Amino acid sequence: MSSIVAGPPEVEIDYPEGPRVPEGDLQTRRRVELLVALRQWHAGRSGAEGAWVCSDLNIYYREGDPRVVVAPDIAVAFGVDVAAVENQPSYRVWAAGAAPCFALEIASAETVRTDLEVKPAKYAELGVDEYWRFDPTGGELLDPPLQGDLRRSGRWTPIRVAPDGDGLRGRSEALGLDLCWRPPRLRLWDIAAGAWLLDHDDQIARAETAEARAGAEAAARQTAEAELAELRARLGDSP
């Protein structure tokens with residue numbers, strides 16, 4: 001995408017789509033699960049207009065300077081001009097109308113150092129309210145595997161993440177969700193609804209259950225109709 005910077009002479013600035021950071025299958029699965037769950041959740045909420053969820057997308061936050069960029073694994077923004085960002089190869093804050101309030105990085109051996117040492121300053125400058133990190137290996141890269149920070153007065157303050165069963169749970173005030181590590185997945189709990197957000201696997205399982213139920217109901221109707229027909233036939237044969 002390009003943007004025209006006002007002032008003589010006009011200078012065309014490119015805001016590139018990439019580059020992408022290579023990631024393994026483990027990181028990809030967890031990222032897609034979260035993306036699907038959050039997008040489906042926002043799509044089904046009343047009054048969620050202007051909410052935007054993106055994944056692995058370059059976010060530019062200083063107009064005229066494409067070097068000022070960060071690409072979260074997951075980011076959520078509210079108050080967005082959706083028409084300005086939908087189907088675009090990058091997210092430009094000045095066009096979108098809002099910076100993300102929530103960012104999450106899924107650690108890999110190649111990215112974990114950047115997640116810990118570089119990204120906090122970038123997200124603070126971007127204006128992110130909460131910055132979360134998740135280790136899909138369960139502790140080989142981060143200890144604990146789920147970590148979150150809240151930005152207050154320009155500084156990051158740790159969010160309480162507590163043991164919860166065989167996993168961990170922390171609360172995102174920005175989203176109104178609990179982030180719950182349920183090895184090996186990171187699940188999202190809707191505090192207001194008291195229910196899990198459905199990810200891709202959940203939706204497939206629900207569809208399969210509904211299909212099986214519909215098949216069983218159809219088979220039961222066919223059996224009942226056959227029994228009724230047989231009963232009518234017997235009554236018709238009676239003297």
# chains A, B, ... in the order shown; residues from 1 in each chain; ligands from 1
$ residues_around --residues "range 169-177 of chain A" --least-positions-apart "2" --cutoff "9 Å" --atoms "only C-alpha atoms" --output "PDB file with N, CA and C atoms, in the first residue's frame"
ATOM      1  N   VAL A  76      -5.640  -6.860  18.703  1.00  0.00           N
ATOM      2  CA  VAL A  76      -7.060  -6.494  18.729  1.00  0.00           C
ATOM      3  C   VAL A  76      -7.163  -4.988  18.918  1.00  0.00           C
ATOM      4  N   CYS A 101      -5.259  -2.268  21.211  1.00  0.00           N
ATOM      5  CA  CYS A 101      -5.157  -2.177  22.670  1.00  0.00           C
ATOM      6  C   CYS A 101      -4.554  -3.445  23.255  1.00  0.00           C
ATOM      7  N   PHE A 102      -4.506  -4.503  22.456  1.00  0.00           N
ATOM      8  CA  PHE A 102      -4.081  -5.825  22.925  1.00  0.00           C
ATOM      9  C   PHE A 102      -3.142  -6.423  21.885  1.00  0.00           C
ATOM     10  N   ASP A 129      -2.278  -1.358  25.299  1.00  0.00           N
ATOM     11  CA  ASP A 129      -2.551  -1.369  26.741  1.00  0.00           C
ATOM     12  C   ASP A 129      -2.061  -2.639  27.415  1.00  0.00           C
ATOM     13  N   GLU A 130      -2.184  -3.790  26.707  1.00  0.00           N
ATOM     14  CA  GLU A 130      -1.768  -5.075  27.258  1.00  0.00           C
ATOM     15  C   GLU A 130      -0.887  -5.799  26.252  1.00  0.00           C
ATOM     16  N   LEU A 146       2.855 -18.548  30.171  1.00  0.00           N
ATOM     17  CA  LEU A 146       1.913 -17.475  29.867  1.00  0.00           C
ATOM     18  C   LEU A 146       2.287 -16.266  30.703  1.00  0.00           C
ATOM     19  N   GLN A 147       2.500 -15.127  30.047  1.00  0.00           N
ATOM     20  CA  GLN A 147       2.901 -13.902  30.723  1.00  0.00           C
ATOM     21  C   GLN A 147       2.152 -12.720  30.115  1.00  0.00           C
ATOM     22  N   GLY A 148       1.801 -11.767  30.960  1.00  0.00           N
ATOM     23  CA  GLY A 148       1.120 -10.568  30.461  1.00  0.00           C
ATOM     24  C   GLY A 148       1.574  -9.339  31.203  1.00  0.00           C
ATOM     25  N   ILE A 159       0.847  -8.582  34.814  1.00  0.00           N
ATOM     26  CA  ILE A 159      -0.519  -9.028  35.098  1.00  0.00           C
ATOM     27  C   ILE A 159      -0.434 -10.349  35.852  1.00  0.00           C
ATOM     28  N   ARG A 160      -1.256 -10.504  36.854  1.00  0.00           N
ATOM     29  CA  ARG A 160      -1.230 -11.730  37.653  1.00  0.00           C
ATOM     30  C   ARG A 160      -1.674 -12.921  36.806  1.00  0.00           C
ATOM     31  N   VAL A 161      -0.808 -13.911  36.739  1.00  0.00           N
ATOM     32  CA  VAL A 161      -1.111 -15.178  36.075  1.00  0.00           C
ATOM     33  C   VAL A 161      -0.964 -16.272  37.124  1.00  0.00           C
ATOM     34  N   ALA A 162      -2.060 -16.985  37.389  1.00  0.00           N
ATOM     35  CA  ALA A 162      -2.088 -17.931  38.502  1.00  0.00           C
ATOM     36  C   ALA A 162      -2.292 -19.357  38.000  1.00  0.00           C
ATOM     37  N   PRO A 163      -1.816 -20.345  38.794  1.00  0.00           N
ATOM     38  CA  PRO A 163      -2.101 -21.746  38.445  1.00  0.00           C
ATOM     39  C   PRO A 163      -3.607 -21.985  38.392  1.00  0.00           C
ATOM     40  N   ASP A 164      -4.004 -22.804  37.430  1.00  0.00           N
ATOM     41  CA  ASP A 164      -5.423 -23.111  37.257  1.00  0.00           C
ATOM     42  C   ASP A 164      -5.517 -24.540  36.720  1.00  0.00           C
ATOM     43  N   GLY A 167      -2.910 -25.963  34.280  1.00  0.00           N
ATOM     44  CA  GLY A 167      -2.433 -24.886  33.433  1.00  0.00           C
ATOM     45  C   GLY A 167      -2.308 -23.576  34.178  1.00  0.00           C
ATOM     46  N   LEU A 179      -7.312 -15.465  29.685  1.00  0.00           N
ATOM     47  CA  LEU A 179      -6.422 -16.280  28.865  1.00  0.00           C
ATOM     48  C   LEU A 179      -6.032 -17.486  29.693  1.00  0.00           C
ATOM     49  N   CYS A 180      -6.329 -18.668  29.195  1.00  0.00           N
ATOM     50  CA  CYS A 180      -6.153 -19.895  29.971  1.00  0.00           C
ATOM     51  C   CYS A 180      -5.283 -20.878  29.199  1.00  0.00           C
ATOM     52  N   TRP A 181      -4.132 -21.157  29.756  1.00  0.00           N
ATOM     53  CA  TRP A 181      -3.287 -22.191  29.153  1.00  0.00           C
ATOM     54  C   TRP A 181      -3.790 -23.543  29.602  1.00  0.00           C
ATOM     55  N   ARG A 182      -4.320 -24.283  28.654  1.00  0.00           N
ATOM     56  CA  ARG A 182      -4.776 -25.655  28.866  1.00  0.00           C
ATOM     57  C   ARG A 182      -3.937 -26.526  27.949  1.00  0.00           C
ATOM     58  N   LEU A 188      -9.613 -19.163  25.498  1.00  0.00           N
ATOM     59  CA  LEU A 188     -10.114 -17.846  25.881  1.00  0.00           C
ATOM     60  C   LEU A 188     -11.491 -18.019  26.513  1.00  0.00           C
ATOM     61  N   TRP A 189     -11.640 -17.480  27.727  1.00  0.00           N
ATOM     62  CA  TRP A 189     -12.873 -17.620  28.488  1.00  0.00           C
ATOM     63  C   TRP A 189     -13.591 -16.279  28.536  1.00  0.00           C
ATOM     64  N   ASP A 190     -14.838 -16.254  28.046  1.00  0.00           N
ATOM     65  CA  ASP A 190     -15.652 -15.046  28.060  1.00  0.00           C
ATOM     66  C   ASP A 190     -16.197 -14.852  29.474  1.00  0.00           C
ATOM     67  N   ILE A 191     -15.708 -13.840  30.167  1.00  0.00           N
ATOM     68  CA  ILE A 191     -16.081 -13.627  31.563  1.00  0.00           C
ATOM     69  C   ILE A 191     -17.565 -13.319  31.688  1.00  0.00           C
ATOM     70  N   ALA A 192     -18.094 -12.461  30.818  1.00  0.00           N
ATOM     71  CA  ALA A 192     -19.501 -12.061  30.908  1.00  0.00           C
ATOM     72  C   ALA A 192     -20.442 -13.209  30.565  1.00  0.00           C
TER      73      ALA A 192
END
$ closest_residue --among "A:Leu186, A:Leu150, A:Arg232, A:Pro72" --to "Ala37 in chain A" --atoms "only C-alpha atoms"
A:Leu186
$ closest_residue --among "A:Val118, A:Gly24, A:Asp73, A:Ala99" --to "Ala51 in chain A" --atoms "only C-alpha atoms"
A:Ala99
$ select_by_dssp --residues "range 97-174 of chain A" --states "alpha helix (DSSP H)" --output "list in words"
Val112, Arg113, Thr114, Asp115, Leu116, Glu117, Lys119, Pro120, Ala121, Lys122, Tyr123, Ala124, Glu125 and Leu126 of chain A
$ write_last_selection --atoms "N, CA, C and O atoms" --output "PDB file, in the first residue's frame"
ATOM      1  N   VAL A 112      11.820 -15.435  20.490  1.00  0.00           N
ATOM      2  CA  VAL A 112      11.570 -15.193  21.911  1.00  0.00           C
ATOM      3  C   VAL A 112      12.416 -14.047  22.465  1.00  0.00           C
ATOM      4  O   VAL A 112      11.937 -13.249  23.285  1.00  0.00           O
ATOM      5  N   ARG A 113      13.644 -13.908  22.021  1.00  0.00           N
ATOM      6  CA  ARG A 113      14.487 -12.822  22.524  1.00  0.00           C
ATOM      7  C   ARG A 113      13.921 -11.464  22.099  1.00  0.00           C
ATOM      8  O   ARG A 113      13.875 -10.514  22.911  1.00  0.00           O
ATOM      9  N   THR A 114      13.470 -11.365  20.856  1.00  0.00           N
ATOM     10  CA  THR A 114      12.857 -10.130  20.376  1.00  0.00           C
ATOM     11  C   THR A 114      11.571  -9.841  21.132  1.00  0.00           C
ATOM     12  O   THR A 114      11.280  -8.689  21.484  1.00  0.00           O
ATOM     13  N   ASP A 115      10.791 -10.895  21.404  1.00  0.00           N
ATOM     14  CA  ASP A 115       9.542 -10.725  22.150  1.00  0.00           C
ATOM     15  C   ASP A 115       9.789 -10.108  23.520  1.00  0.00           C
ATOM     16  O   ASP A 115       8.990  -9.300  23.997  1.00  0.00           O
ATOM     17  N   LEU A 116      10.905 -10.498  24.146  1.00  0.00           N
ATOM     18  CA  LEU A 116      11.207 -10.048  25.502  1.00  0.00           C
ATOM     19  C   LEU A 116      11.964  -8.725  25.545  1.00  0.00           C
ATOM     20  O   LEU A 116      11.752  -7.921  26.456  1.00  0.00           O
ATOM     21  N   GLU A 117      12.836  -8.477  24.561  1.00  0.00           N
ATOM     22  CA  GLU A 117      13.749  -7.352  24.661  1.00  0.00           C
ATOM     23  C   GLU A 117      13.415  -6.184  23.731  1.00  0.00           C
ATOM     24  O   GLU A 117      13.804  -5.045  24.020  1.00  0.00           O
ATOM     25  N   LYS A 119      10.114  -6.002  21.604  1.00  0.00           N
ATOM     26  CA  LYS A 119       8.694  -5.738  21.410  1.00  0.00           C
ATOM     27  C   LYS A 119       8.063  -4.876  22.522  1.00  0.00           C
ATOM     28  O   LYS A 119       7.180  -4.062  22.220  1.00  0.00           O
ATOM     29  N   PRO A 120       8.462  -5.021  23.808  1.00  0.00           N
ATOM     30  CA  PRO A 120       7.810  -4.171  24.825  1.00  0.00           C
ATOM     31  C   PRO A 120       7.897  -2.683  24.521  1.00  0.00           C
ATOM     32  O   PRO A 120       6.908  -1.950  24.674  1.00  0.00           O
ATOM     33  N   ALA A 121       9.051  -2.207  24.083  1.00  0.00           N
ATOM     34  CA  ALA A 121       9.207  -0.784  23.769  1.00  0.00           C
ATOM     35  C   ALA A 121       8.380  -0.401  22.551  1.00  0.00           C
ATOM     36  O   ALA A 121       7.770   0.680  22.511  1.00  0.00           O
ATOM     37  N   LYS A 122       8.334  -1.279  21.570  1.00  0.00           N
ATOM     38  CA  LYS A 122       7.550  -1.002  20.368  1.00  0.00           C
ATOM     39  C   LYS A 122       6.061  -0.902  20.700  1.00  0.00           C
ATOM     40  O   LYS A 122       5.355  -0.002  20.219  1.00  0.00           O
ATOM     41  N   TYR A 123       5.582  -1.840  21.521  1.00  0.00           N
ATOM     42  CA  TYR A 123       4.157  -1.825  21.854  1.00  0.00           C
ATOM     43  C   TYR A 123       3.789  -0.649  22.748  1.00  0.00           C
ATOM     44  O   TYR A 123       2.679  -0.117  22.662  1.00  0.00           O
ATOM     45  N   ALA A 124       4.705  -0.241  23.597  1.00  0.00           N
ATOM     46  CA  ALA A 124       4.456   0.953  24.410  1.00  0.00           C
ATOM     47  C   ALA A 124       4.357   2.185  23.517  1.00  0.00           C
ATOM     48  O   ALA A 124       3.471   3.035  23.690  1.00  0.00           O
ATOM     49  N   GLU A 125       5.258   2.297  22.549  1.00  0.00           N
ATOM     50  CA  GLU A 125       5.232   3.432  21.629  1.00  0.00           C
ATOM     51  C   GLU A 125       3.972   3.402  20.762  1.00  0.00           C
ATOM     52  O   GLU A 125       3.379   4.444  20.468  1.00  0.00           O
ATOM     53  N   LEU A 126       3.537   2.212  20.367  1.00  0.00           N
ATOM     54  CA  LEU A 126       2.324   2.051  19.565  1.00  0.00           C
ATOM     55  C   LEU A 126       1.080   2.455  20.341  1.00  0.00           C
ATOM     56  O   LEU A 126       0.098   2.941  19.768  1.00  0.00           O
TER      57      LEU A 126
END
$ atom_distance --atom1 "CA of Arg92 in chain A" --atom2 "CA of Leu38 in chain A"
20.7 Å
$ atom_distance --atom1 "CA of Val85 in chain A" --atom2 "CA of Thr28 in chain A"
22.8 Å
$ atom_distance --atom1 "CA of Ala107 in chain A" --atom2 "CA of Trp94 in chain A"
28.6 Å
$ select_by_dssp --residues "range 27-116 of chain A" --states "strand (DSSP E or B)" --output "list in words"
Trp52, Val53, Cys54, Ile59, Tyr60, Val69, Val70, Ile74, Ala75, Val76, Ala77, Tyr91, Arg92, Phe102, Ala103, Leu104, Glu105 and Ile106 of chain A
$ write_last_selection --atoms "all heavy atoms" --output "short mmCIF file (atom, residue, chain, number, x, y, z; two decimals), in the first residue's frame"
data_model
loop_
_atom_site.label_atom_id
_atom_site.label_comp_id
_atom_site.auth_asym_id
_atom_site.auth_seq_id
_atom_site.Cartn_x
_atom_site.Cartn_y
_atom_site.Cartn_z
N TRP A 52 -11.52 -4.95 15.51
CA TRP A 52 -10.69 -5.55 14.47
C TRP A 52 -9.66 -6.48 15.09
O TRP A 52 -8.99 -6.12 16.06
CB TRP A 52 -9.98 -4.46 13.66
CG TRP A 52 -9.24 -5.00 12.48
CD1 TRP A 52 -7.88 -5.12 12.33
CD2 TRP A 52 -9.80 -5.50 11.27
NE1 TRP A 52 -7.58 -5.66 11.11
CE2 TRP A 52 -8.74 -5.90 10.44
CE3 TRP A 52 -11.11 -5.64 10.82
CZ2 TRP A 52 -8.96 -6.44 9.17
CZ3 TRP A 52 -11.33 -6.18 9.56
CH2 TRP A 52 -10.26 -6.57 8.76
N VAL A 53 -9.56 -7.68 14.54
CA VAL A 53 -8.58 -8.67 14.99
C VAL A 53 -7.68 -9.00 13.81
O VAL A 53 -8.18 -9.33 12.72
CB VAL A 53 -9.26 -9.96 15.50
CG1 VAL A 53 -8.21 -10.93 16.02
CG2 VAL A 53 -10.28 -9.65 16.57
N CYS A 54 -6.38 -8.89 14.00
CA CYS A 54 -5.46 -9.22 12.91
C CYS A 54 -4.36 -10.12 13.44
O CYS A 54 -4.12 -10.22 14.64
CB CYS A 54 -4.87 -7.97 12.27
SG CYS A 54 -3.86 -6.94 13.35
N ILE A 59 2.01 -3.57 11.28
CA ILE A 59 1.29 -2.42 11.79
C ILE A 59 2.23 -1.21 11.76
O ILE A 59 3.27 -1.20 12.43
CB ILE A 59 0.77 -2.66 13.22
CG1 ILE A 59 -0.24 -3.81 13.22
CG2 ILE A 59 0.15 -1.40 13.80
CD1 ILE A 59 -0.76 -4.18 14.60
N TYR A 60 1.88 -0.19 10.97
CA TYR A 60 2.67 1.02 10.86
C TYR A 60 1.99 2.10 11.71
O TYR A 60 0.78 2.31 11.61
CB TYR A 60 2.76 1.48 9.40
CG TYR A 60 3.51 0.50 8.53
CD1 TYR A 60 2.84 -0.47 7.79
CD2 TYR A 60 4.89 0.56 8.45
CE1 TYR A 60 3.53 -1.37 6.99
CE2 TYR A 60 5.60 -0.34 7.66
CZ TYR A 60 4.91 -1.30 6.93
OH TYR A 60 5.61 -2.20 6.16
N VAL A 69 7.54 0.04 12.56
CA VAL A 69 6.59 -1.02 12.24
C VAL A 69 6.75 -2.17 13.24
O VAL A 69 7.84 -2.40 13.77
CB VAL A 69 6.81 -1.54 10.80
CG1 VAL A 69 8.22 -2.10 10.62
CG2 VAL A 69 5.77 -2.57 10.41
N VAL A 70 5.66 -2.87 13.49
CA VAL A 70 5.69 -4.07 14.33
C VAL A 70 4.61 -5.01 13.80
O VAL A 70 3.59 -4.56 13.27
CB VAL A 70 5.45 -3.72 15.82
CG1 VAL A 70 4.06 -3.16 16.04
CG2 VAL A 70 5.72 -4.91 16.72
N ILE A 74 -0.92 -11.77 17.28
CA ILE A 74 -2.35 -11.46 17.42
C ILE A 74 -2.46 -10.03 17.94
O ILE A 74 -1.75 -9.64 18.87
CB ILE A 74 -3.06 -12.40 18.42
CG1 ILE A 74 -3.02 -13.85 17.93
CG2 ILE A 74 -4.51 -11.95 18.64
CD1 ILE A 74 -3.90 -14.15 16.72
N ALA A 75 -3.37 -9.25 17.34
CA ALA A 75 -3.63 -7.90 17.84
C ALA A 75 -5.12 -7.63 17.74
O ALA A 75 -5.79 -8.09 16.81
CB ALA A 75 -2.85 -6.86 17.05
N VAL A 76 -5.64 -6.86 18.70
CA VAL A 76 -7.06 -6.49 18.73
C VAL A 76 -7.16 -4.99 18.92
O VAL A 76 -6.48 -4.42 19.78
CB VAL A 76 -7.82 -7.21 19.86
CG1 VAL A 76 -9.30 -6.82 19.84
CG2 VAL A 76 -7.66 -8.73 19.75
N ALA A 77 -8.01 -4.36 18.10
CA ALA A 77 -8.22 -2.91 18.19
C ALA A 77 -9.72 -2.63 18.21
O ALA A 77 -10.51 -3.37 17.61
CB ALA A 77 -7.57 -2.19 17.02
N TYR A 91 -1.56 -2.69 8.23
CA TYR A 91 -2.44 -1.91 9.10
C TYR A 91 -1.74 -0.59 9.40
O TYR A 91 -0.67 -0.58 10.02
CB TYR A 91 -2.70 -2.70 10.38
CG TYR A 91 -3.69 -2.08 11.35
CD1 TYR A 91 -4.99 -2.59 11.44
CD2 TYR A 91 -3.35 -1.03 12.18
CE1 TYR A 91 -5.91 -2.05 12.34
CE2 TYR A 91 -4.26 -0.48 13.08
CZ TYR A 91 -5.54 -1.00 13.15
OH TYR A 91 -6.44 -0.46 14.04
N ARG A 92 -2.34 0.50 8.93
CA ARG A 92 -1.77 1.82 9.18
C ARG A 92 -2.66 2.54 10.19
O ARG A 92 -3.84 2.81 9.91
CB ARG A 92 -1.67 2.60 7.86
CG ARG A 92 -0.63 2.01 6.91
CD ARG A 92 -0.80 2.54 5.50
NE ARG A 92 -2.07 2.10 4.93
CZ ARG A 92 -2.78 2.82 4.06
NH1 ARG A 92 -2.35 4.01 3.68
NH2 ARG A 92 -3.91 2.35 3.58
N PHE A 102 -4.51 -4.50 22.46
CA PHE A 102 -4.08 -5.83 22.93
C PHE A 102 -3.14 -6.42 21.89
O PHE A 102 -3.43 -6.38 20.69
CB PHE A 102 -5.31 -6.72 23.10
CG PHE A 102 -5.02 -8.17 23.42
CD1 PHE A 102 -5.04 -8.62 24.74
CD2 PHE A 102 -4.73 -9.08 22.42
CE1 PHE A 102 -4.79 -9.95 25.04
CE2 PHE A 102 -4.47 -10.42 22.71
CZ PHE A 102 -4.50 -10.86 24.02
N ALA A 103 -2.02 -6.96 22.35
CA ALA A 103 -1.09 -7.66 21.46
C ALA A 103 -0.59 -8.91 22.15
O ALA A 103 -0.38 -8.92 23.38
CB ALA A 103 0.08 -6.76 21.08
N LEU A 104 -0.40 -9.97 21.37
CA LEU A 104 0.09 -11.24 21.91
C LEU A 104 1.11 -11.81 20.96
O LEU A 104 0.91 -11.82 19.74
CB LEU A 104 -1.07 -12.22 22.11
CG LEU A 104 -0.70 -13.59 22.69
CD1 LEU A 104 -1.78 -14.08 23.66
CD2 LEU A 104 -0.51 -14.63 21.59
N GLU A 105 2.21 -12.28 21.53
CA GLU A 105 3.25 -12.96 20.75
C GLU A 105 3.33 -14.42 21.16
O GLU A 105 3.27 -14.74 22.36
CB GLU A 105 4.61 -12.29 20.95
CG GLU A 105 4.71 -10.85 20.46
CD GLU A 105 4.71 -10.74 18.95
OE1 GLU A 105 4.77 -11.78 18.25
OE2 GLU A 105 4.65 -9.59 18.46
N ILE A 106 3.45 -15.30 20.18
CA ILE A 106 3.61 -16.73 20.42
C ILE A 106 5.08 -17.06 20.20
O ILE A 106 5.60 -16.93 19.08
CB ILE A 106 2.71 -17.55 19.48
CG1 ILE A 106 1.25 -17.17 19.72
CG2 ILE A 106 2.92 -19.05 19.71
CD1 ILE A 106 0.28 -17.77 18.74
#
